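Chemist: Here you go, protein.cif (mmCIF, C-alpha atoms and all ligand atoms):
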data_entry
loop_
_atom_site.label_atom_id
_atom_site.label_comp_id
_atom_site.auth_asym_id
_atom_site.auth_seq_id
_atom_site.Cartn_x
_atom_site.Cartn_y
_atom_site.Cartn_z
CA MET A 1 98.36 -12.45 -26.28
CA ILE A 2 97.50 -12.70 -29.96
CA LEU A 3 96.34 -16.30 -30.49
CA ALA A 4 97.37 -16.63 -34.12
CA ASP A 5 100.49 -17.60 -36.03
CA PHE A 6 100.89 -17.57 -39.81
CA HIS A 7 104.59 -18.05 -40.52
CA THR A 8 105.38 -21.74 -39.97
CA HIS A 9 107.48 -24.40 -41.66
CA SER A 10 107.35 -28.20 -41.72
CA THR A 11 109.32 -31.29 -42.72
CA LEU A 12 108.29 -30.55 -46.33
CA ASP A 13 110.86 -27.72 -46.30
CA ASP A 14 113.39 -26.97 -43.55
CA GLY A 15 111.13 -27.49 -40.54
CA LYS A 16 111.53 -30.29 -38.01
CA SER A 17 107.85 -31.10 -37.35
CA THR A 18 105.25 -32.43 -39.79
CA LEU A 19 102.28 -30.40 -41.06
CA GLU A 20 99.99 -32.47 -38.82
CA GLU A 21 102.20 -31.96 -35.76
CA MET A 22 102.33 -28.20 -36.34
CA ALA A 23 98.54 -27.91 -36.62
CA ALA A 24 97.97 -30.09 -33.54
CA ALA A 25 100.43 -27.99 -31.53
CA ALA A 26 98.72 -24.78 -32.70
CA ARG A 27 95.38 -26.17 -31.59
CA ALA A 28 96.83 -27.24 -28.23
CA LEU A 29 98.07 -23.66 -27.71
CA GLY A 30 94.49 -22.48 -28.22
CA LEU A 31 95.14 -20.61 -31.45
CA THR A 32 92.05 -19.39 -33.29
CA HIS A 33 93.95 -18.77 -36.55
CA PHE A 34 96.90 -20.72 -37.86
CA GLY A 35 98.67 -20.79 -41.21
CA PHE A 36 101.26 -22.88 -43.03
CA SER A 37 103.91 -20.98 -44.98
CA GLY A 38 106.38 -23.43 -46.46
CA HIS A 39 109.31 -22.06 -48.46
CA SER A 40 108.37 -21.65 -52.12
CA TRP A 41 110.15 -23.67 -54.71
CA CYS A 42 113.08 -21.71 -56.18
CA PRO A 43 114.84 -22.25 -59.52
CA TRP A 44 118.06 -23.40 -57.80
CA GLU A 45 116.17 -26.04 -55.78
CA ALA A 46 117.70 -25.13 -52.44
CA ASP A 47 117.22 -27.84 -49.82
CA TYR A 48 115.27 -25.46 -47.57
CA CYS A 49 112.53 -25.17 -50.21
CA ILE A 50 109.57 -27.44 -50.85
CA ALA A 51 110.56 -29.45 -53.93
CA GLN A 52 108.61 -28.45 -57.03
CA GLU A 53 106.93 -31.85 -57.37
CA LYS A 54 105.80 -31.68 -53.73
CA ILE A 55 103.94 -28.35 -54.05
CA PRO A 56 100.62 -29.95 -55.16
CA GLY A 57 100.81 -32.37 -52.21
CA TYR A 58 101.54 -29.46 -49.84
CA LEU A 59 98.47 -27.60 -51.07
CA ALA A 60 96.24 -30.69 -50.81
CA GLU A 61 97.50 -31.77 -47.42
CA THR A 62 97.15 -28.33 -45.83
CA ARG A 63 93.59 -28.06 -47.24
CA ALA A 64 92.75 -31.43 -45.70
CA ILE A 65 94.12 -30.28 -42.34
CA ALA A 66 91.99 -27.11 -42.60
CA GLN A 67 88.93 -29.34 -43.04
CA GLN A 68 89.93 -31.45 -40.08
CA TYR A 69 90.03 -28.38 -37.79
CA ALA A 70 86.95 -26.66 -39.23
CA GLY A 71 84.92 -25.10 -36.45
CA GLN A 72 87.85 -25.26 -33.99
CA MET A 73 90.64 -23.28 -35.63
CA GLU A 74 90.90 -21.45 -38.96
CA VAL A 75 93.76 -23.06 -40.89
CA PHE A 76 95.27 -21.33 -43.93
CA THR A 77 97.36 -22.50 -46.82
CA GLY A 78 100.02 -19.85 -47.20
CA LEU A 79 103.49 -19.77 -48.69
CA GLU A 80 106.70 -17.94 -47.87
CA LEU A 81 107.49 -16.82 -51.38
CA ASP A 82 111.11 -15.94 -51.99
CA PHE A 83 111.94 -12.99 -54.24
CA TYR A 84 113.20 -15.51 -56.82
CA GLY A 85 110.57 -18.16 -56.07
CA GLU A 86 107.59 -19.38 -58.06
CA ARG A 87 104.02 -18.73 -57.02
CA PRO A 88 101.52 -21.58 -57.41
CA GLU A 89 97.74 -21.08 -57.63
CA GLY A 90 95.43 -21.75 -54.72
CA LEU A 91 97.03 -19.91 -51.79
CA ASP A 92 95.23 -18.09 -48.99
CA TYR A 93 98.12 -15.68 -48.48
CA VAL A 94 101.73 -15.08 -49.44
CA ILE A 95 104.60 -13.83 -47.27
CA GLY A 96 107.16 -12.04 -49.44
CA SER A 97 110.76 -12.64 -48.33
CA VAL A 98 114.26 -11.95 -49.59
CA HIS A 99 116.70 -14.71 -48.55
CA GLY A 100 119.50 -14.07 -51.01
CA LEU A 101 121.08 -11.71 -53.51
CA LEU A 102 121.90 -12.68 -57.06
CA SER A 103 125.13 -11.12 -58.27
CA GLY A 104 127.15 -12.11 -61.31
CA GLY A 105 125.10 -15.27 -61.68
CA VAL A 106 125.85 -16.36 -58.10
CA LEU A 107 123.18 -16.50 -55.42
CA TYR A 108 124.46 -15.24 -52.07
CA ALA A 109 122.21 -16.27 -49.18
CA VAL A 110 121.87 -13.58 -46.53
CA ASP A 111 120.71 -15.98 -43.82
CA SER A 112 122.85 -19.12 -44.08
CA SER A 113 125.95 -18.31 -41.98
CA PRO A 114 128.20 -15.41 -40.89
CA GLU A 115 130.92 -16.85 -43.14
CA ALA A 116 128.64 -16.91 -46.19
CA SER A 117 127.63 -13.30 -45.55
CA ARG A 118 131.27 -12.23 -45.29
CA ARG A 119 132.07 -14.02 -48.53
CA ALA A 120 129.16 -12.29 -50.26
CA VAL A 121 130.33 -8.85 -49.13
CA GLU A 122 133.91 -9.55 -50.24
CA GLU A 123 133.05 -11.10 -53.59
CA ALA A 124 130.08 -9.04 -54.70
CA PHE A 125 130.15 -5.74 -52.80
CA GLY A 126 133.83 -4.78 -52.62
CA GLY A 127 133.97 -5.43 -48.89
CA ASP A 128 131.39 -2.72 -48.18
CA TRP A 129 128.71 -4.06 -45.81
CA TYR A 130 126.44 -1.10 -46.45
CA ARG A 131 126.40 -1.72 -50.20
CA TYR A 132 125.34 -5.26 -49.30
CA THR A 133 122.54 -4.12 -46.96
CA ASP A 134 121.41 -1.50 -49.52
CA ALA A 135 121.21 -4.20 -52.21
CA TYR A 136 119.15 -6.39 -49.88
CA PHE A 137 116.66 -3.61 -49.10
CA ASP A 138 116.42 -2.75 -52.80
CA LEU A 139 115.05 -6.26 -53.40
CA VAL A 140 112.71 -5.98 -50.42
CA ALA A 141 111.29 -2.82 -52.00
CA GLN A 142 110.27 -4.87 -55.04
CA LEU A 143 108.64 -7.74 -53.13
CA PRO A 144 104.98 -6.67 -53.51
CA GLU A 145 105.37 -6.20 -57.24
CA LYS A 146 107.47 -9.34 -57.73
CA THR A 147 105.53 -11.74 -55.50
CA GLY A 148 102.10 -10.15 -54.95
CA CYS A 149 102.70 -10.77 -51.25
CA ASP A 150 100.19 -9.95 -48.52
CA TRP A 151 102.93 -8.90 -46.13
CA ILE A 152 106.72 -8.56 -45.90
CA GLY A 153 108.56 -11.33 -44.05
CA HIS A 154 111.45 -10.55 -41.64
CA PHE A 155 112.09 -7.05 -43.07
CA ASP A 156 115.72 -6.80 -41.87
CA LEU A 157 116.83 -10.43 -42.26
CA VAL A 158 120.13 -9.10 -43.64
CA SER A 159 121.07 -8.35 -40.00
CA LYS A 160 120.53 -11.97 -38.87
CA PHE A 161 124.16 -12.60 -37.83
CA ASN A 162 125.05 -9.03 -36.91
CA GLN A 163 124.68 -9.64 -33.17
CA GLN A 164 126.94 -12.71 -33.03
CA ASP A 165 129.32 -11.44 -35.75
CA PRO A 166 129.01 -7.61 -35.79
CA GLN A 167 129.91 -6.15 -39.17
CA PHE A 168 127.78 -3.04 -39.52
CA ASP A 169 125.98 -0.56 -37.29
CA GLU A 170 122.22 -1.10 -37.40
CA GLU A 171 121.67 2.26 -35.69
CA SER A 172 123.89 4.23 -38.08
CA PRO A 173 122.38 6.70 -40.56
CA ARG A 174 124.33 4.91 -43.30
CA TYR A 175 122.47 1.64 -42.68
CA LEU A 176 119.13 3.15 -41.75
CA LYS A 177 118.88 5.46 -44.76
CA ARG A 178 118.01 2.78 -47.32
CA ALA A 179 116.12 0.61 -44.82
CA LEU A 180 113.85 3.52 -43.89
CA GLU A 181 113.40 4.72 -47.49
CA VAL A 182 112.19 1.24 -48.42
CA MET A 183 110.06 0.88 -45.31
CA GLU A 184 108.36 4.22 -45.90
CA HIS A 185 107.83 3.47 -49.59
CA LEU A 186 106.13 0.16 -48.73
CA ALA A 187 104.17 1.41 -45.72
CA LYS A 188 102.71 4.25 -47.76
CA GLN A 189 101.48 1.70 -50.32
CA GLY A 190 99.61 0.01 -47.47
CA VAL A 191 101.93 -3.00 -47.31
CA CYS A 192 101.84 -4.84 -43.97
CA PHE A 193 105.05 -5.88 -42.14
CA GLU A 194 105.69 -8.97 -40.10
CA VAL A 195 107.14 -8.81 -36.61
CA ASN A 196 109.08 -12.08 -36.68
CA THR A 197 110.44 -13.78 -33.54
CA GLY A 198 112.09 -16.70 -35.37
CA ALA A 199 115.69 -15.59 -34.88
CA ILE A 200 115.15 -15.35 -31.11
CA THR A 201 113.72 -18.85 -30.67
CA ARG A 202 116.51 -20.22 -32.84
CA GLY A 203 119.20 -18.36 -30.88
CA TYR A 204 120.55 -15.97 -33.53
CA ARG A 205 119.41 -12.70 -31.99
CA THR A 206 117.73 -11.37 -28.88
CA VAL A 207 115.29 -9.08 -30.71
CA PRO A 208 112.65 -9.69 -33.37
CA TYR A 209 112.74 -8.48 -36.96
CA PRO A 210 112.38 -5.55 -37.41
CA THR A 211 114.46 -3.90 -34.65
CA LEU A 212 112.76 -1.48 -32.27
CA THR A 213 114.32 1.47 -34.12
CA LEU A 214 112.77 0.31 -37.40
CA LEU A 215 109.49 -0.56 -35.73
CA ARG A 216 109.22 2.94 -34.25
CA SER A 217 109.70 4.41 -37.71
CA LEU A 218 107.14 2.02 -39.15
CA ARG A 219 104.64 3.34 -36.63
CA GLU A 220 105.46 6.90 -37.72
CA PHE A 221 104.93 5.92 -41.37
CA GLY A 222 101.47 4.60 -40.45
CA GLY A 223 102.49 1.01 -41.18
CA GLU A 224 100.59 -2.13 -40.17
CA ILE A 225 102.03 -5.22 -38.48
CA ILE A 226 101.30 -8.93 -38.09
CA LEU A 227 103.07 -10.98 -35.40
CA ASN A 228 104.57 -14.32 -36.45
CA SER A 229 106.99 -16.90 -35.05
CA ASP A 230 108.57 -18.33 -38.23
CA ALA A 231 108.33 -21.65 -36.35
CA HIS A 232 110.46 -24.52 -37.66
CA HIS A 233 109.39 -26.84 -34.83
CA VAL A 234 106.23 -27.25 -32.71
CA SER A 235 108.09 -25.77 -29.72
CA HIS A 236 108.65 -22.47 -31.62
CA LEU A 237 104.98 -21.70 -32.23
CA CYS A 238 104.11 -18.26 -30.80
CA GLY A 239 107.66 -18.18 -29.41
CA GLN A 240 108.50 -14.95 -27.57
CA PHE A 241 105.11 -13.44 -28.43
CA PRO A 242 104.57 -11.77 -25.00
CA GLU A 243 107.99 -10.06 -25.24
CA ALA A 244 107.39 -9.08 -28.87
CA GLU A 245 103.99 -7.62 -28.02
CA GLU A 246 105.62 -5.47 -25.33
CA MET A 247 108.11 -4.21 -27.91
CA ILE A 248 105.34 -3.51 -30.42
CA LYS A 249 103.53 -1.46 -27.80
CA ALA A 250 106.76 0.32 -26.85
CA ALA A 251 107.06 1.32 -30.52
CA GLY A 252 103.67 3.02 -30.24
CA PHE A 253 101.35 0.49 -31.85
CA THR A 254 97.95 0.01 -30.24
CA HIS A 255 96.87 -2.79 -32.56
CA GLY A 256 98.27 -5.61 -34.64
CA ASN A 257 96.59 -7.71 -37.32
CA ILE A 258 95.63 -11.30 -37.90
CA TRP A 259 94.85 -12.93 -41.24
CA THR A 260 91.28 -14.12 -41.84
CA ARG A 261 89.22 -15.43 -44.78
CA ALA A 262 88.36 -11.77 -45.40
CA GLY A 263 91.99 -10.59 -45.25
CA PHE A 264 93.54 -8.59 -42.43
CA GLN A 265 91.63 -7.96 -39.24
CA ALA A 266 92.89 -5.51 -36.62
CA VAL A 267 93.40 -6.87 -33.12
CA ASP A 268 93.81 -4.56 -30.12
CA LEU A 269 96.95 -5.06 -28.09
CA ALA A 270 95.80 -5.49 -24.50
ZN ZN A 301 112.31 -16.54 -44.41
ZN ZN A 302 110.20 -18.62 -42.72
#
Could you rewrite the structure in this file as structure tokens?
Ligand SMILES: [Zn+2]
Ligand SMILES: [Zn+2]
Modeler:
Amino acid sequence: MILADFHTHSTLDDGKSTLEEMAAAARALGLTHFGFSGHSWCPWEADYCIAQEKIPGYLAETRAIAQQYAGQMEVFTGLELDFYGERPEGLDYVIGSVHGLLSGGVLYAVDSSPEASRRAVEEAFGGDWYRYTDAYFDLVAQLPEKTGCDWIGHFDLVSKFNQQDPQFDEESPRYLKRALEVMEHLAKQGVCFEVNTGAITRGYRTVPYPTLTLLRSLREFGGEIILNSDAHHVSHLCGQFPEAEEMIKAAGFTHGNIWTRAGFQAVDLA
């Protein structure tokens, strides 16, 4: 199993464990590489974000924890930078993520609840779920340029509630067309994609982001992947990694990547 995890949250944003608890749990799991990726501050000050005045403390505290584990585990100060978020200086890496769509001056979150997603589609997309998913992927396409991210977080987050509240067909050409155009466009630029198990450990879906269908296409496009848990609690660290690794291999990948001080490093999938 890959002994690394770079997408993690804490009590400074919407996580349930402290920074110290997350690092200690990562160490106890035997991780060699571990990174913090709190939600960036956003202009609308959503409660799942690290408050703007707490960003300097987040940077300082995660650096101090890195010192504390020096020689035992590489600890990185990352950030999950929302499309509309602000990027501070001094980060080791950035995960670029789209969590919401701005339409007519209203921000519609894609990941808050099935009801909120339905309202967004009714109010902003004329009831057409595929216009909604297209608009989401159009923002994802712009993430590298907008955020300078090192990899794309949860590529198909827009499908978060589609298992419990099915509204569109994730295997249909209508849905896949834009998703695959964007994926190919990004993969050919050399952008790395996260395989994210967070929705499984939190009970929203039974499969990681991206789905196996998308992952197979990513392999065909020559894309690169990095496996992450999107842990919001110590118990979620590396959650479902063995199952996700099987899926990654089933999609045709023979290696994944971890993040190091020198950037990405390929890791063979045993
Ligand atoms: Zn996210
Ligand atoms: Zn996250």
Chemist: Using only C-alpha atoms and all ligand atoms for the distances, tell me which of A:Ala109, A:Ile226, A:Leu101, A:Leu79 is nearest to ligand ZN 302 (chain A).
Modeler: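 Selected residue with least distance to ligand ZN 302 (chain A): A:Leu79.
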Chemist: Between A:Tyr130, A:Tyr175, A:Phe241, A:Trp259, which residue has the minimum interatomic distance to Thr213 in chain A, considering only C-alpha atoms?
Modeler: A:Tyr175
Chemist: With 5 Å on each side, where is the centre of the axis-aligned box around all listed atoms of range 36-53 of chain A, and how long are its edges in Å to one decimal, as JSON?
Modeler:
{"center_x": 109.7, "center_y": -26.4, "center_z": -51.3, "size_x": 26.8, "size_y": 20.9, "size_z": 26.5}
Chemist: Tell me, counting all atoms listed in the file, for each residue of chain A within 10 Å of ligand ZN 302 (chain A), which pair of atoms is nearest and how far apart they are in Å to one decimal, in rows ordered by chain and increasing number, as CSV.
Modeler:
residue,atom,partner,partner_atom,distance
A:Phe6,CA,A:ZN302,ZN,9.8
A:His7,CA,A:ZN302,ZN,6.1
A:Thr8,CA,A:ZN302,ZN,6.4
A:His9,CA,A:ZN302,ZN,6.5
A:Asp13,CA,A:ZN302,ZN,9.8
A:Asp14,CA,A:ZN302,ZN,9.0
A:Gly15,CA,A:ZN302,ZN,9.2
A:Phe36,CA,A:ZN302,ZN,9.9
A:Ser37,CA,A:ZN302,ZN,7.1
A:Gly38,CA,A:ZN302,ZN,7.2
A:His39,CA,A:ZN302,ZN,6.8
A:Tyr48,CA,A:ZN302,ZN,9.8
A:Leu79,CA,A:ZN302,ZN,9.1
A:Glu80,CA,A:ZN302,ZN,6.3
A:Leu81,CA,A:ZN302,ZN,9.3
A:Asp82,CA,A:ZN302,ZN,9.7
A:Ile95,CA,A:ZN302,ZN,8.7
A:Gly96,CA,A:ZN302,ZN,9.9
A:Ser97,CA,A:ZN302,ZN,8.2
A:His99,CA,A:ZN302,ZN,9.6
A:Gly153,CA,A:ZN302,ZN,7.6
A:His154,CA,A:ZN302,ZN,8.2
A:Asn196,CA,A:ZN302,ZN,9.0
A:Gly198,CA,A:ZN302,ZN,7.8
A:Asn228,CA,A:ZN302,ZN,9.5
A:Ser229,CA,A:ZN302,ZN,8.5
A:Asp230,CA,A:ZN302,ZN,4.8
A:Ala231,CA,A:ZN302,ZN,7.3
A:His232,CA,A:ZN302,ZN,7.8
Chemist: For the point (109.4, -2.1, -31.5) in the file's frame, write as a PDB file with C-alpha atoms, in the frame of the given file all residues with an atom no more than 6 Å away, counting all atoms listed in the file.
Modeler:
ATOM      1  CA  LEU A 212     112.760  -1.480 -32.270  1.00  0.00           C
ATOM      2  CA  LEU A 215     109.490  -0.560 -35.730  1.00  0.00           C
ATOM      3  CA  ARG A 216     109.220   2.940 -34.250  1.00  0.00           C
ATOM      4  CA  MET A 247     108.110  -4.210 -27.910  1.00  0.00           C
ATOM      5  CA  ILE A 248     105.340  -3.510 -30.420  1.00  0.00           C
ATOM      6  CA  ALA A 250     106.760   0.320 -26.850  1.00  0.00           C
ATOM      7  CA  ALA A 251     107.060   1.320 -30.520  1.00  0.00           C
TER       8      ALA A 251
END
Chemist: Neighbours of Arg178 in chain A within 9 Å (all atoms listed in the file; same-chain residues fewer than 2 positions away dropped), as a PyMOL selection string?
Modeler: chain A and resi 133-134+137-138+173-176+180-183
Chemist: For Glu145 in chain A, please output as a ChimeraX atom specification all residues within 12 Å (counting all atoms listed in the file; exclusion window: fewer than 5 positions along the same chain).
Modeler: /A:83,96,139-140,150-152,186,189,191
Chemist: Suppose you want the space between CA of Ile65 in chain A and CA of Ala26 in chain A; what is it in Å?
Modeler: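 Distance reported for this atom pair: 12.0 Å.
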Chemist: Between A:Ala270, A:Val121, A:Leu29, A:Ala66, which is the closest to Phe168 in chain A once you count all atoms listed in the file?
Modeler: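 Of the candidates, the smallest distance to Phe168 in chain A is held by A:Val121.
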Chemist: Excluding Leu107 in chain A and residues on its chain fewer than 6 positions from it, collect all residues at most 12 Å away from it, counting all atoms listed in the file, and give them as a PyMOL selection string.
Modeler: chain A and resi 42-46+83-84+98-101+116-117+119-120+123-124
Chemist: Measuring between all atoms listed in the file, which one of A:Glu184, A:Asp156, A:Glu245, A:Glu122 shows the shortest distance to ligand ZN 301 (chain A)?
Modeler: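 Closest residue, counting all atoms listed in the file: A:Asp156.
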Chemist: If you measure from CA of Lys16 in chain A to CA of Val234 in chain A, what distance in Å do you get, rounded to one decimal?
Modeler: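 CA of Val234 in chain A lies at a distance of 8.1 Å from CA of Lys16 in chain A.
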Chemist: Please return as number ranges by chain every residue within 12 Å of (90.7, -23.4, -41.8), taking into account all atoms listed in the file and the file's own coordinates.
Modeler: A: 6, 23, 27, 31-36, 62-78, 92, 259-261
Chemist: N, CA and C atoms for range 228-246 of chain A, written as a PDB file, in the coordinates of the input, could you do that?
Modeler:
ATOM      1  N   ASN A 228     104.360 -12.932 -36.043  1.00  0.00           N
ATOM      2  CA  ASN A 228     104.570 -14.320 -36.450  1.00  0.00           C
ATOM      3  C   ASN A 228     105.822 -14.904 -35.828  1.00  0.00           C
ATOM      4  N   SER A 229     105.842 -16.246 -35.706  1.00  0.00           N
ATOM      5  CA  SER A 229     106.990 -16.900 -35.050  1.00  0.00           C
ATOM      6  C   SER A 229     108.020 -17.462 -36.018  1.00  0.00           C
ATOM      7  N   ASP A 230     107.661 -17.666 -37.288  1.00  0.00           N
ATOM      8  CA  ASP A 230     108.570 -18.330 -38.230  1.00  0.00           C
ATOM      9  C   ASP A 230     109.003 -19.672 -37.640  1.00  0.00           C
ATOM     10  N   ALA A 231     108.041 -20.398 -37.064  1.00  0.00           N
ATOM     11  CA  ALA A 231     108.330 -21.650 -36.350  1.00  0.00           C
ATOM     12  C   ALA A 231     108.826 -22.735 -37.298  1.00  0.00           C
ATOM     13  N   HIS A 232     109.945 -23.364 -36.913  1.00  0.00           N
ATOM     14  CA  HIS A 232     110.460 -24.520 -37.660  1.00  0.00           C
ATOM     15  C   HIS A 232     110.280 -25.800 -36.859  1.00  0.00           C
ATOM     16  N   HIS A 233     109.626 -25.684 -35.702  1.00  0.00           N
ATOM     17  CA  HIS A 233     109.390 -26.840 -34.830  1.00  0.00           C
ATOM     18  C   HIS A 233     108.173 -26.482 -33.974  1.00  0.00           C
ATOM     19  N   VAL A 234     107.428 -27.508 -33.529  1.00  0.00           N
ATOM     20  CA  VAL A 234     106.230 -27.250 -32.710  1.00  0.00           C
ATOM     21  C   VAL A 234     106.554 -26.368 -31.497  1.00  0.00           C
ATOM     22  N   SER A 235     107.749 -26.524 -30.937  1.00  0.00           N
ATOM     23  CA  SER A 235     108.090 -25.770 -29.720  1.00  0.00           C
ATOM     24  C   SER A 235     108.312 -24.279 -29.994  1.00  0.00           C
ATOM     25  N   HIS A 236     108.426 -23.885 -31.275  1.00  0.00           N
ATOM     26  CA  HIS A 236     108.650 -22.470 -31.620  1.00  0.00           C
ATOM     27  C   HIS A 236     107.358 -21.701 -31.860  1.00  0.00           C
ATOM     28  N   LEU A 237     106.236 -22.392 -31.930  1.00  0.00           N
ATOM     29  CA  LEU A 237     104.980 -21.700 -32.230  1.00  0.00           C
ATOM     30  C   LEU A 237     104.709 -20.608 -31.200  1.00  0.00           C
ATOM     31  N   CYS A 238     104.381 -19.417 -31.672  1.00  0.00           N
ATOM     32  CA  CYS A 238     104.110 -18.260 -30.800  1.00  0.00           C
ATOM     33  C   CYS A 238     105.291 -17.959 -29.879  1.00  0.00           C
ATOM     34  N   GLY A 239     106.480 -18.390 -30.256  1.00  0.00           N
ATOM     35  CA  GLY A 239     107.660 -18.180 -29.410  1.00  0.00           C
ATOM     36  C   GLY A 239     107.934 -16.705 -29.194  1.00  0.00           C
ATOM     37  N   GLN A 240     108.150 -16.329 -27.935  1.00  0.00           N
ATOM     38  CA  GLN A 240     108.500 -14.950 -27.570  1.00  0.00           C
ATOM     39  C   GLN A 240     107.405 -13.936 -27.916  1.00  0.00           C
ATOM     40  N   PHE A 241     106.186 -14.386 -28.089  1.00  0.00           N
ATOM     41  CA  PHE A 241     105.110 -13.440 -28.430  1.00  0.00           C
ATOM     42  C   PHE A 241     104.859 -12.411 -27.322  1.00  0.00           C
ATOM     43  N   PRO A 242     104.828 -12.810 -26.027  1.00  0.00           N
ATOM     44  CA  PRO A 242     104.570 -11.770 -25.000  1.00  0.00           C
ATOM     45  C   PRO A 242     105.621 -10.660 -25.045  1.00  0.00           C
ATOM     46  N   GLU A 243     106.909 -11.054 -25.192  1.00  0.00           N
ATOM     47  CA  GLU A 243     107.990 -10.060 -25.240  1.00  0.00           C
ATOM     48  C   GLU A 243     107.860  -9.187 -26.498  1.00  0.00           C
ATOM     49  N   ALA A 244     107.530  -9.831 -27.622  1.00  0.00           N
ATOM     50  CA  ALA A 244     107.390  -9.080 -28.870  1.00  0.00           C
ATOM     51  C   ALA A 244     106.223  -8.097 -28.791  1.00  0.00           C
ATOM     52  N   GLU A 245     105.143  -8.528 -28.150  1.00  0.00           N
ATOM     53  CA  GLU A 245     103.990  -7.620 -28.020  1.00  0.00           C
ATOM     54  C   GLU A 245     104.354  -6.406 -27.172  1.00  0.00           C
ATOM     55  N   GLU A 246     105.169  -6.615 -26.143  1.00  0.00           N
ATOM     56  CA  GLU A 246     105.620  -5.470 -25.330  1.00  0.00           C
ATOM     57  C   GLU A 246     106.423  -4.497 -26.190  1.00  0.00           C
TER      58      GLU A 246
END
